[in-house]
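Q: See query13.cif below, with mmCIF, C-alpha atoms.
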data_final
loop_
_atom_site.label_atom_id
_atom_site.label_comp_id
_atom_site.auth_asym_id
_atom_site.auth_seq_id
_atom_site.Cartn_x
_atom_site.Cartn_y
_atom_site.Cartn_z
CA MET U 237 -79.14 61.68 77.16
CA ALA U 238 -77.09 64.88 77.18
CA GLY U 239 -77.63 65.20 73.42
CA ILE U 240 -81.41 65.07 73.77
CA GLY U 241 -81.28 67.49 76.72
CA ASP U 242 -79.28 70.02 74.68
CA THR U 243 -81.67 69.74 71.72
CA VAL U 244 -84.69 70.27 73.98
CA PHE U 245 -82.97 73.25 75.61
CA GLU U 246 -82.13 74.83 72.24
CA LEU U 247 -85.68 74.24 71.04
CA THR U 248 -86.99 76.03 74.16
CA GLU U 249 -84.72 78.98 73.47
CA TRP U 250 -86.00 79.12 69.89
CA ILE U 251 -89.69 78.85 70.87
CA ARG U 252 -89.15 81.83 73.18
CA THR U 253 -88.25 83.98 70.14
CA THR U 254 -91.50 83.11 68.32
CA PRO U 255 -94.93 84.84 68.61
CA LEU U 256 -96.10 81.69 70.46
CA VAL U 257 -95.07 83.31 73.75
CA ASP U 258 -97.29 86.34 73.13
CA PHE U 259 -100.10 84.09 71.94
CA ALA U 260 -99.88 81.89 75.06
CA LEU U 261 -99.84 84.95 77.33
CA TRP U 262 -102.79 86.48 75.46
CA LEU U 263 -104.68 83.17 75.67
CA SER U 264 -104.05 82.89 79.41
CA THR U 265 -105.91 86.18 80.03
CA LYS U 266 -109.04 84.93 78.25
CA GLU U 267 -112.13 84.20 80.28
CA ILE U 268 -112.26 80.50 79.33
CA CYS U 269 -108.70 79.92 80.65
CA GLU U 270 -109.47 81.73 83.85
CA TRP U 271 -112.59 79.62 84.22
CA VAL U 272 -110.64 76.34 83.79
CA GLN U 273 -107.93 77.54 86.19
CA SER U 274 -110.40 78.69 88.84
CA HIS U 275 -111.98 75.21 89.01
CA SER U 276 -109.29 73.04 90.52
CA PHE U 277 -111.03 69.78 89.54
CA MET U 278 -111.02 70.65 85.81
CA VAL U 279 -107.39 69.75 85.00
CA PRO U 280 -107.34 66.37 86.83
CA VAL U 281 -110.73 65.45 85.33
CA MET U 282 -109.57 66.30 81.82
CA GLN U 283 -106.39 64.29 82.39
CA MET U 284 -108.48 61.29 83.46
CA ILE U 285 -110.68 61.60 80.36
CA HIS U 286 -107.48 61.90 78.29
CA ILE U 287 -106.06 58.70 79.83
CA PHE U 288 -109.29 56.76 79.20
CA ALA U 289 -109.33 57.96 75.59
CA ILE U 290 -105.69 56.86 75.18
CA ALA U 291 -106.57 53.46 76.66
CA MET U 292 -109.50 52.97 74.26
CA GLY U 293 -107.58 54.32 71.25
CA PHE U 294 -104.34 52.47 71.97
CA GLY U 295 -106.18 49.27 72.91
CA SER U 296 -107.98 49.39 69.55
CA VAL U 297 -104.81 50.21 67.59
CA LEU U 298 -103.00 47.38 69.38
CA LEU U 299 -105.66 44.71 68.86
CA PHE U 300 -106.44 45.67 65.24
CA ASN U 301 -102.79 45.85 64.18
CA LEU U 302 -101.87 42.65 66.04
CA ARG U 303 -104.70 40.98 64.09
CA LEU U 304 -103.32 42.50 60.90
CA VAL U 305 -99.91 40.90 61.47
CA GLY U 306 -101.57 37.65 62.60
CA ARG U 307 -100.49 37.73 66.24
CA SER U 308 -103.94 37.97 67.83
CA GLY U 309 -107.63 37.44 67.09
CA ASN U 310 -107.08 35.20 64.07
CA ASP U 311 -110.55 33.65 64.48
CA GLN U 312 -112.04 36.81 62.94
CA THR U 313 -111.49 38.23 59.45
CA LEU U 314 -109.66 41.53 59.01
CA ALA U 315 -112.95 43.15 58.02
CA GLN U 316 -114.56 41.99 61.29
CA SER U 317 -111.64 43.29 63.33
CA ALA U 318 -111.74 46.63 61.49
CA HIS U 319 -115.50 46.87 62.07
CA ARG U 320 -114.94 46.29 65.81
CA TYR U 321 -111.99 48.64 66.43
CA LEU U 322 -112.03 51.41 63.79
CA PRO U 323 -114.92 53.42 65.28
CA TRP U 324 -113.18 53.33 68.69
CA MET U 325 -109.97 54.69 67.15
CA LYS U 326 -111.86 57.58 65.52
CA TRP U 327 -113.93 58.51 68.56
CA SER U 328 -110.99 58.25 70.93
CA LEU U 329 -109.04 60.70 68.73
CA LEU U 330 -111.89 63.19 68.99
CA VAL U 331 -112.00 62.85 72.80
CA LEU U 332 -108.19 63.16 72.92
CA LEU U 333 -108.30 66.42 70.95
CA VAL U 334 -111.08 67.95 73.06
CA SER U 335 -109.59 66.93 76.43
CA GLY U 336 -106.11 67.94 75.22
CA LEU U 337 -107.40 71.36 74.23
CA GLY U 338 -108.99 71.63 77.67
CA MET U 339 -105.63 70.94 79.31
CA VAL U 340 -103.94 73.60 77.13
CA LEU U 341 -106.54 76.10 78.36
CA GLY U 342 -105.69 75.06 81.92
CA ASP U 343 -102.03 76.05 81.51
CA PRO U 344 -101.38 77.75 78.13
CA VAL U 345 -97.93 79.16 78.82
CA ARG U 346 -96.41 76.03 80.36
CA LEU U 347 -97.71 73.85 77.51
CA LEU U 348 -97.45 76.06 74.42
CA VAL U 349 -93.96 77.36 75.28
CA ASN U 350 -92.76 73.81 75.72
CA PRO U 351 -90.58 71.95 73.17
CA VAL U 352 -91.79 68.51 74.29
CA PHE U 353 -95.41 69.59 73.70
CA TRP U 354 -94.57 70.47 70.08
CA MET U 355 -92.62 67.23 69.59
CA LYS U 356 -95.71 65.40 70.82
CA ILE U 357 -97.99 67.37 68.46
CA ALA U 358 -95.63 66.66 65.52
CA LEU U 359 -95.71 62.92 66.32
CA PHE U 360 -99.51 63.09 66.69
CA VAL U 361 -99.89 64.66 63.22
CA LEU U 362 -97.52 62.03 61.80
CA MET U 363 -99.56 59.29 63.49
CA ILE U 364 -102.80 60.64 61.95
CA VAL U 365 -101.25 60.77 58.45
CA VAL U 366 -99.76 57.25 58.76
CA SER U 367 -103.09 55.94 60.15
CA ILE U 368 -105.09 57.36 57.24
CA VAL U 369 -102.75 55.93 54.59
CA HIS U 370 -102.48 52.62 56.47
CA LEU U 371 -106.22 52.16 56.98
CA LYS U 372 -107.08 53.28 53.44
CA THR U 373 -104.62 50.73 52.03
CA VAL U 374 -105.99 47.94 54.21
CA SER U 375 -109.63 48.70 53.41
CA ARG U 376 -108.88 48.89 49.67
CA LYS U 377 -107.26 45.45 49.87
CA ILE U 378 -110.24 44.05 51.79
CA LYS U 379 -112.66 45.53 49.24
CA THR U 380 -110.87 44.02 46.25
CA SER U 381 -110.72 40.62 47.92
CA ALA U 382 -112.79 39.79 50.99
CA ASN U 383 -110.29 37.11 52.03
CA TRP U 384 -107.22 39.31 51.67
CA ASP U 385 -104.96 38.99 54.69
CA ALA U 386 -101.63 40.66 55.43
CA THR U 387 -100.49 37.53 57.25
CA SER U 388 -100.56 35.43 54.09
CA GLY U 389 -99.88 38.25 51.61
CA GLY U 390 -96.87 39.24 53.67
CA SER U 391 -96.88 42.87 52.52
CA ILE U 392 -93.82 44.26 54.33
CA ALA U 393 -95.06 47.86 54.00
CA ILE U 394 -98.39 47.14 55.68
CA ARG U 395 -96.82 45.01 58.40
CA SER U 396 -94.23 47.65 59.24
CA SER U 397 -96.80 50.43 59.36
CA ALA U 398 -98.85 48.26 61.75
CA TYR U 399 -95.89 48.02 64.16
CA GLY U 400 -94.89 51.62 63.39
CA LEU U 401 -98.30 52.91 64.49
CA ILE U 402 -98.08 51.07 67.81
CA ILE U 403 -94.62 52.61 68.40
CA LEU U 404 -95.88 56.08 67.38
CA TRP U 405 -98.70 55.87 69.95
CA LEU U 406 -96.15 54.94 72.65
CA LEU U 407 -93.87 57.84 71.69
CA ILE U 408 -96.81 60.27 71.82
CA MET U 409 -97.68 59.02 75.32
CA ALA U 410 -94.05 59.42 76.40
CA GLY U 411 -94.16 63.00 75.09
CA GLY U 412 -97.28 63.62 77.13
CA ARG U 413 -95.59 62.49 80.31
CA PHE U 414 -92.21 64.12 79.67
CA MET U 415 -93.62 67.55 78.86
CA ALA U 416 -94.43 67.96 82.56
CA TYR U 417 -90.67 67.79 83.22
CA ALA U 418 -89.45 69.96 80.31
CA PRO U 419 -87.30 73.00 81.07
CA MET U 420 -89.16 76.30 81.00
CA MET W 280 -100.17 54.21 109.09
CA PHE W 281 -99.24 50.53 109.37
CA PHE W 282 -95.56 49.55 109.66
CA PRO W 283 -94.19 53.13 109.46
CA LYS W 284 -90.63 51.83 109.92
CA LEU W 285 -90.93 49.56 106.89
CA TRP W 286 -91.95 52.39 104.52
CA GLU W 287 -89.21 54.61 105.90
CA ALA W 288 -86.68 51.83 105.38
CA ILE W 289 -87.82 51.42 101.76
CA GLN W 290 -87.62 55.17 101.20
CA ASN W 291 -84.12 55.34 102.70
CA SER W 292 -82.81 52.28 100.84
CA PRO W 293 -80.36 52.86 97.99
CA LEU W 294 -83.20 52.14 95.51
CA GLY W 295 -85.57 54.59 97.22
CA ILE W 296 -82.92 57.30 97.29
CA PHE W 297 -82.06 56.66 93.65
CA MET W 298 -85.75 56.91 92.62
CA ALA W 299 -86.15 60.15 94.56
CA GLU W 300 -82.95 61.83 93.42
CA SER W 301 -82.34 60.70 89.84
CA PRO W 302 -83.64 63.34 87.43
CA TRP W 303 -84.65 60.77 84.80
CA ALA W 304 -85.75 57.69 86.80
CA PHE W 305 -89.16 58.94 87.96
CA PRO W 306 -90.34 60.36 84.58
CA THR W 307 -89.05 57.25 82.78
CA PHE W 308 -90.77 54.70 85.02
CA GLU W 309 -93.85 56.91 85.13
CA THR W 310 -93.97 56.79 81.32
CA ILE W 311 -93.60 52.99 81.37
CA HIS W 312 -96.36 52.89 84.01
CA VAL W 313 -98.62 54.88 81.64
CA PHE W 314 -97.84 52.52 78.71
CA ALA W 315 -98.79 49.62 80.97
CA ILE W 316 -101.99 51.00 82.51
CA VAL W 317 -103.51 52.13 79.19
CA THR W 318 -102.81 48.61 77.85
CA VAL W 319 -104.33 47.01 80.96
CA PHE W 320 -107.43 49.20 80.81
CA GLY W 321 -107.74 49.16 77.01
CA THR W 322 -107.70 45.36 76.84
CA ILE W 323 -109.77 44.77 80.00
CA ALA W 324 -112.41 47.14 78.60
CA VAL W 325 -112.62 45.07 75.40
CA MET W 326 -113.32 41.93 77.47
CA ASP W 327 -115.69 43.73 79.87
CA MET W 328 -117.70 45.27 77.03
CA ARG W 329 -118.08 41.81 75.48
CA MET W 330 -119.27 40.48 78.87
CA ILE W 331 -121.76 43.35 79.24
CA GLY W 332 -122.94 42.94 75.65
CA LEU W 333 -121.84 46.39 74.48
CA ALA W 334 -119.28 45.32 71.85
CA SER W 335 -117.78 42.31 70.01
CA LYS W 336 -121.28 40.81 70.21
CA GLY W 337 -120.76 38.38 67.35
CA ARG W 338 -117.62 36.81 68.86
CA ALA W 339 -117.27 33.99 71.35
CA LEU W 340 -116.36 35.13 74.89
CA THR W 341 -113.49 32.63 74.91
CA ALA W 342 -112.11 34.14 71.67
CA VAL W 343 -112.15 37.69 73.07
CA SER W 344 -110.62 36.39 76.30
CA LYS W 345 -107.84 34.64 74.39
CA ASP W 346 -107.07 37.89 72.50
CA THR W 347 -106.85 40.09 75.53
CA LEU W 348 -105.66 37.93 78.44
CA THR W 349 -101.94 37.71 77.57
CA LEU W 350 -101.79 41.44 76.81
CA THR W 351 -103.67 42.35 80.00
CA TRP W 352 -101.47 40.21 82.24
CA THR W 353 -98.17 41.19 80.62
CA ALA W 354 -99.11 44.87 80.91
CA PHE W 355 -100.29 44.34 84.50
CA VAL W 356 -96.91 42.87 85.50
CA VAL W 357 -95.13 45.84 83.86
CA ALA W 358 -97.50 48.23 85.68
CA ALA W 359 -96.87 46.51 89.02
CA ILE W 360 -93.08 46.61 88.64
CA SER W 361 -92.93 50.23 87.41
CA GLY W 362 -95.50 51.25 90.04
CA SER W 363 -93.46 49.63 92.83
CA LEU W 364 -90.36 51.51 91.67
CA LEU W 365 -92.28 54.82 91.70
CA PHE W 366 -93.48 53.94 95.21
CA THR W 367 -89.99 53.39 96.68
CA GLY W 368 -88.90 57.03 96.30
CA LYS W 369 -91.58 58.37 98.65
CA ALA W 370 -92.98 55.19 100.24
CA SER W 371 -94.20 56.73 103.49
CA TYR W 372 -95.92 59.59 101.64
CA TYR W 373 -97.85 57.10 99.50
CA MET W 374 -98.84 55.12 102.58
CA VAL W 375 -100.69 58.11 104.09
CA ASN W 376 -102.20 59.27 100.78
CA PRO W 377 -105.93 58.41 100.67
CA TRP W 378 -105.95 58.28 96.85
CA PHE W 379 -103.07 55.77 96.83
CA LEU W 380 -104.74 53.64 99.51
CA GLY W 381 -108.05 53.91 97.64
CA LYS W 382 -106.35 52.80 94.43
CA MET W 383 -104.88 49.72 96.16
CA ALA W 384 -108.27 48.87 97.71
CA LEU W 385 -110.07 49.18 94.35
CA MET W 386 -107.43 46.98 92.69
CA GLY W 387 -107.98 44.41 95.45
CA LEU W 388 -111.72 44.46 94.75
CA ALA W 389 -111.09 44.18 90.99
CA GLY W 390 -108.92 41.11 91.73
CA ILE W 391 -111.62 39.51 93.91
CA ASN W 392 -114.23 40.21 91.21
CA MET W 393 -112.02 38.56 88.60
CA ILE W 394 -111.33 35.48 90.74
CA ALA W 395 -115.02 35.10 91.58
CA PHE W 396 -115.92 35.41 87.89
CA HIS W 397 -113.41 32.73 86.93
CA LEU W 398 -114.47 30.39 89.75
CA ILE W 399 -118.24 30.65 89.20
CA PRO W 400 -119.76 31.70 85.83
CA TRP W 401 -116.65 30.97 83.73
CA LYS W 402 -116.92 27.25 84.63
CA ASN W 403 -120.02 27.05 82.42
CA VAL W 404 -118.69 29.34 79.69
CA ARG W 405 -119.52 26.72 77.04
CA THR W 406 -123.24 27.23 77.68
CA PHE W 407 -123.15 30.97 76.91
CA ASP W 408 -119.91 31.39 74.93
CA VAL W 409 -121.73 32.51 71.77
CA ALA W 410 -125.23 33.01 73.24
CA THR W 411 -126.99 36.26 72.35
CA VAL W 412 -128.44 36.50 75.86
CA ILE W 413 -125.63 36.93 78.38
CA PRO W 414 -126.25 35.58 81.93
CA GLY W 415 -126.83 38.30 84.55
CA GLY W 416 -123.84 37.26 86.64
CA VAL W 417 -121.49 37.67 83.68
CA ARG W 418 -122.91 41.10 82.84
CA ARG W 419 -122.64 42.25 86.45
CA ALA W 420 -119.02 41.05 86.69
CA GLY W 421 -118.24 43.03 83.50
CA ILE W 422 -119.90 46.22 84.76
CA LEU W 423 -118.19 45.91 88.15
CA SER W 424 -114.79 45.30 86.56
CA LEU W 425 -115.16 48.33 84.30
CA LEU W 426 -116.25 50.60 87.18
CA LEU W 427 -113.48 49.37 89.50
CA TRP W 428 -110.74 49.92 86.89
CA ILE W 429 -112.11 53.39 86.08
CA GLY W 430 -111.82 54.08 89.82
CA VAL W 431 -108.25 52.71 89.92
CA ILE W 432 -107.13 55.06 87.13
CA CYS W 433 -108.93 58.11 88.59
CA CYS W 434 -107.36 57.52 92.02
CA GLY W 435 -103.98 56.97 90.36
CA ARG W 436 -104.17 60.31 88.59
CA MET W 437 -105.13 62.07 91.83
CA ILE W 438 -102.00 60.76 93.63
CA GLY W 439 -99.78 63.06 91.57
CA PHE W 440 -101.84 66.09 92.60
CA THR W 441 -101.96 65.26 96.31
CA LEU W 442 -98.69 63.56 97.25
CA ASP W 443 -97.36 66.61 99.13
CA LYS W 444 -100.75 67.37 100.75
CA TYR W 445 -100.69 64.41 103.18
CA LEU W 446 -97.53 64.21 105.26
CA PRO W 447 -96.36 61.04 107.00
CA PHE W 448 -95.10 62.91 110.08
#
Kindly transcribe the structure held in the file into C-alpha cells.

A:
Amino acid sequence: MAGIGDTVFELTEWIRTTPLVDFALWLSTKEICEWVQSHSFMVPVMQMIHIFAIAMGFGSVLLFNLRLVGRSGNDQTLAQSAHRYLPWMKWSLLVLLVSGLGMVLGDPVRLLVNPVFWMKIALFVLMIVVSIVHLKTVSRKIKTSANWDATSGGSIAIRSSAYGLIILWLLIMAGGRFMAYAPM
Amino acid sequence: MFFPKLWEAIQNSPLGIFMAESPWAFPTFETIHVFAIVTVFGTIAVMDMRMIGLASKGRALTAVSKDTLTLTWTAFVVAAISGSLLFTGKASYYMVNPWFLGKMALMGLAGINMIAFHLIPWKNVRTFDVATVIPGGVRRAGILSLLLWIGVICCGRMIGFTLDKYLPF
C-alpha cells in the first residue's frame, strides 16, 4: 500500500510542474464551468448518468465476453450475442465520455491535477484499444465461419482478452472512485 | 429515528470505528459496492428490457433469465455486504438521511415487485416464453423494476452529497 501511495504522491508532484495546472485554472474561469458549478444539481446528475452508462456498458461487456468464453448465454450464437450487446457498448462509451467531460467542467482543478484521474484515463484508452482489436478479431472469425466459436476453437489470446477487458473495466471504475480520495 | 441506541451501538462497535477511521476501508468497500451495483443494474436491465420488449426480442425469456439471474444475485449479495460495511461507520447518520431511507424503501418495493412477478405471471412463462406479444403484466413488472432500480441508484448517489446535512442529534 505504501508503495502505491508514494507513487501517487510523486505523480502528483510531477503533474504540478506541468502546464496542466495552468490549463485547469484557465478552464475553471470559463463561463461553462461557472455555469456547471452554479447549478448544484449538475454534478450529482452527471454522476448518476455516468453510473447508468457504466452499468449498461459493463453489463454488455460482461454478458458478451462470458458468452465468448462459453460461461453464459450458450443458447445463442456469438453473432447473435454481438448483435445484442455491441451497440450498447458503443453508446455507453459515448455517454460516459460526455458525462465524464461534464464532471471535469464541474471541478477542473481537482480532477485534472489528479494522478488517479490520469491513471483512469490511461486505462480507459487501453481498454478502447484492446476492445477494438478484440472485437475486430472476433467479427473477422465470425465472418469467415458463421459457426466459429471461441469455446471450441480455444483461442487463448481471444479468451484472455475477454477476461482482460472485464478486469480493465473494473480497474477503470476503481480509478473513478479512488480519484475522489487522491492527495491534492 | 427508530431504535437510536441500536445505530449508535453499531457506529461505536469496533467494526464501526474501524470503518470510520481507516483511511482505506471506506474507499475500498465503496469501490466494491460500485462494482456490485453496476453489475446488478446492468444485468437486471437486460432482463427488464426483454420483459418490456425493448431488447433481446428473439430470445426466450427463460434463456435471458438464466443468463442474468446468477450474476444479478451474486452481485446483489456483494452489494449488500459492502453496503452494510459502509453503513456501520456512520449508522445513525444514515438512519436520518432521507435519501438513504428512500433507497431502502425503493429496494423493498423492487423486491416486492420481483416476488409478485415470480408468483403470478412467471408461473405461466411457457405460454409466452418466446411469444412476440408480451402479456401486459410482464411488461408492467419490467417497467416498474427498471424505474425502481433507477431510483435506488439515484438515491444512493445522493447519500454521499447529503450525509453531513442531516444530523442524528

Q: Between CA of Ile403 in chain U and CA of Phe353 in chain U, what is the spacing in Å?

A: 17.8 Å

Q: Please, what distance in Å, to one decimal, runs between CA of Ala418 in chain U and CA of Phe314 in chain W?

A: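 Separation between CA of Ala418 in chain U and CA of Phe314 in chain W: 19.4 Å.
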
Q: When the PyMOL selection byres ((chain U) within 7 of (chain W)) is applied to the file above, which residues end up in the set, as a list in words?

A: Pro280, Met284, Ile290, Ala291, Met292, Phe294, Gly295, Ser308, Gly309, Arg320, Leu406, Ala410, Arg413 and Phe414 of chain U

Q: For C-alpha atoms, I'd like the residues from the last selection saved as a short mmCIF file (atom, residue, chain, number, x, y, z; two decimals), in the coordinates of the input.

A:
data_model
loop_
_atom_site.label_atom_id
_atom_site.label_comp_id
_atom_site.auth_asym_id
_atom_site.auth_seq_id
_atom_site.Cartn_x
_atom_site.Cartn_y
_atom_site.Cartn_z
CA PRO U 280 -107.34 66.37 86.83
CA MET U 284 -108.48 61.29 83.46
CA ILE U 290 -105.69 56.86 75.18
CA ALA U 291 -106.57 53.46 76.66
CA MET U 292 -109.50 52.97 74.26
CA PHE U 294 -104.34 52.47 71.97
CA GLY U 295 -106.18 49.27 72.91
CA SER U 308 -103.94 37.97 67.83
CA GLY U 309 -107.63 37.44 67.09
CA ARG U 320 -114.94 46.29 65.81
CA LEU U 406 -96.15 54.94 72.65
CA ALA U 410 -94.05 59.42 76.40
CA ARG U 413 -95.59 62.49 80.31
CA PHE U 414 -92.21 64.12 79.67
#

Q: Check what the PyMOL selection byres ((chain U and resi 370-376) around 8) selects in the file above and give those residues as a PyMOL selection string.

A: chain U and resi 315+366-369+377-380+394+397-398

Q: Can you tell me how far CA of Gly368 in chain W sits from CA of Ile296 in chain W, in Å to one decimal?

A: 6.1 Å

Q: Env of Lys326 in chain U: 10 Å cut, atoms = only C-alpha atoms, seq-sep filter 5 positions within chain, self excluded. Answer as a list in words.

A: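 The neighbour list is Gly293, Ser296, Tyr321, Val331 and Leu332 of chain U.
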
Q: Could you write out as an mmCIF file with C-alpha atoms, in the coordinates of the input the residues that the PyMOL selection byres ((chain W and resi 295) around 9) matches in the shown file?

A:
data_model
loop_
_atom_site.group_PDB
_atom_site.id
_atom_site.type_symbol
_atom_site.label_atom_id
_atom_site.label_comp_id
_atom_site.auth_asym_id
_atom_site.auth_seq_id
_atom_site.Cartn_x
_atom_site.Cartn_y
_atom_site.Cartn_z
ATOM 1 C CA ALA W 288 -86.680 51.830 105.380
ATOM 2 C CA ILE W 289 -87.820 51.420 101.760
ATOM 3 C CA GLN W 290 -87.620 55.170 101.200
ATOM 4 C CA ASN W 291 -84.120 55.340 102.700
ATOM 5 C CA SER W 292 -82.810 52.280 100.840
ATOM 6 C CA PRO W 293 -80.360 52.860 97.990
ATOM 7 C CA LEU W 294 -83.200 52.140 95.510
ATOM 8 C CA ILE W 296 -82.920 57.300 97.290
ATOM 9 C CA PHE W 297 -82.060 56.660 93.650
ATOM 10 C CA MET W 298 -85.750 56.910 92.620
ATOM 11 C CA ALA W 299 -86.150 60.150 94.560
ATOM 12 C CA GLU W 300 -82.950 61.830 93.420
ATOM 13 C CA LEU W 364 -90.360 51.510 91.670
ATOM 14 C CA LEU W 365 -92.280 54.820 91.700
ATOM 15 C CA PHE W 366 -93.480 53.940 95.210
ATOM 16 C CA THR W 367 -89.990 53.390 96.680
ATOM 17 C CA GLY W 368 -88.900 57.030 96.300
ATOM 18 C CA LYS W 369 -91.580 58.370 98.650
ATOM 19 C CA ALA W 370 -92.980 55.190 100.240
#

Q: Identify which of the residues U:Val334, U:Val297, U:Val257, U:Met355 lies closest to Ala318 in chain U, counting only C-alpha atoms when measuring atom-to-atom distances.

A: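 Looking at the shortest contact to Ala318 in chain U, the residue is U:Val297.
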
Q: Using only C-alpha atoms, which of U:Leu247, U:Leu333, U:Met339, U:Pro323 sits nearest Gln273 in chain U?

A: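 Going through U:Leu247, U:Leu333, U:Met339, U:Pro323 one by one, the smallest distance to Gln273 in chain U is for U:Met339.
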
Q: Using 4 Å of padding on each side, determine the axis-aligned box around all atoms of range 331-349 of chain U present in the file and give its centre and edge lengths in Å to one decimal, as lines of an AutoDock Vina configuration file.

A:
center_x = -103.0
center_y = 71.0
center_z = 76.4
size_x = 26.0
size_y = 24.3
size_z = 19.0

Q: Looking at only C-alpha atoms, which of W:Trp428, W:Phe396, W:Phe281, W:Tyr373 is the one that sits closest to Pro414 in chain W?

A: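 Between W:Trp428, W:Phe396, W:Phe281, W:Tyr373, the residue approaching Pro414 in chain W most closely is W:Phe396.
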
Q: Leaving out Val345 in chain U and any residue of its chain fewer than 2 positions from it, which residues lie within 9 Å of it when counting only C-alpha atoms, given as a list in words?

A: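 Once the adjacent positions are removed, what remains is Leu256, Val257, Phe259, Ala260, Leu261, Leu263, Ser264, Val340, Asp343, Leu347, Leu348, Val349 and Asn350 of chain U.
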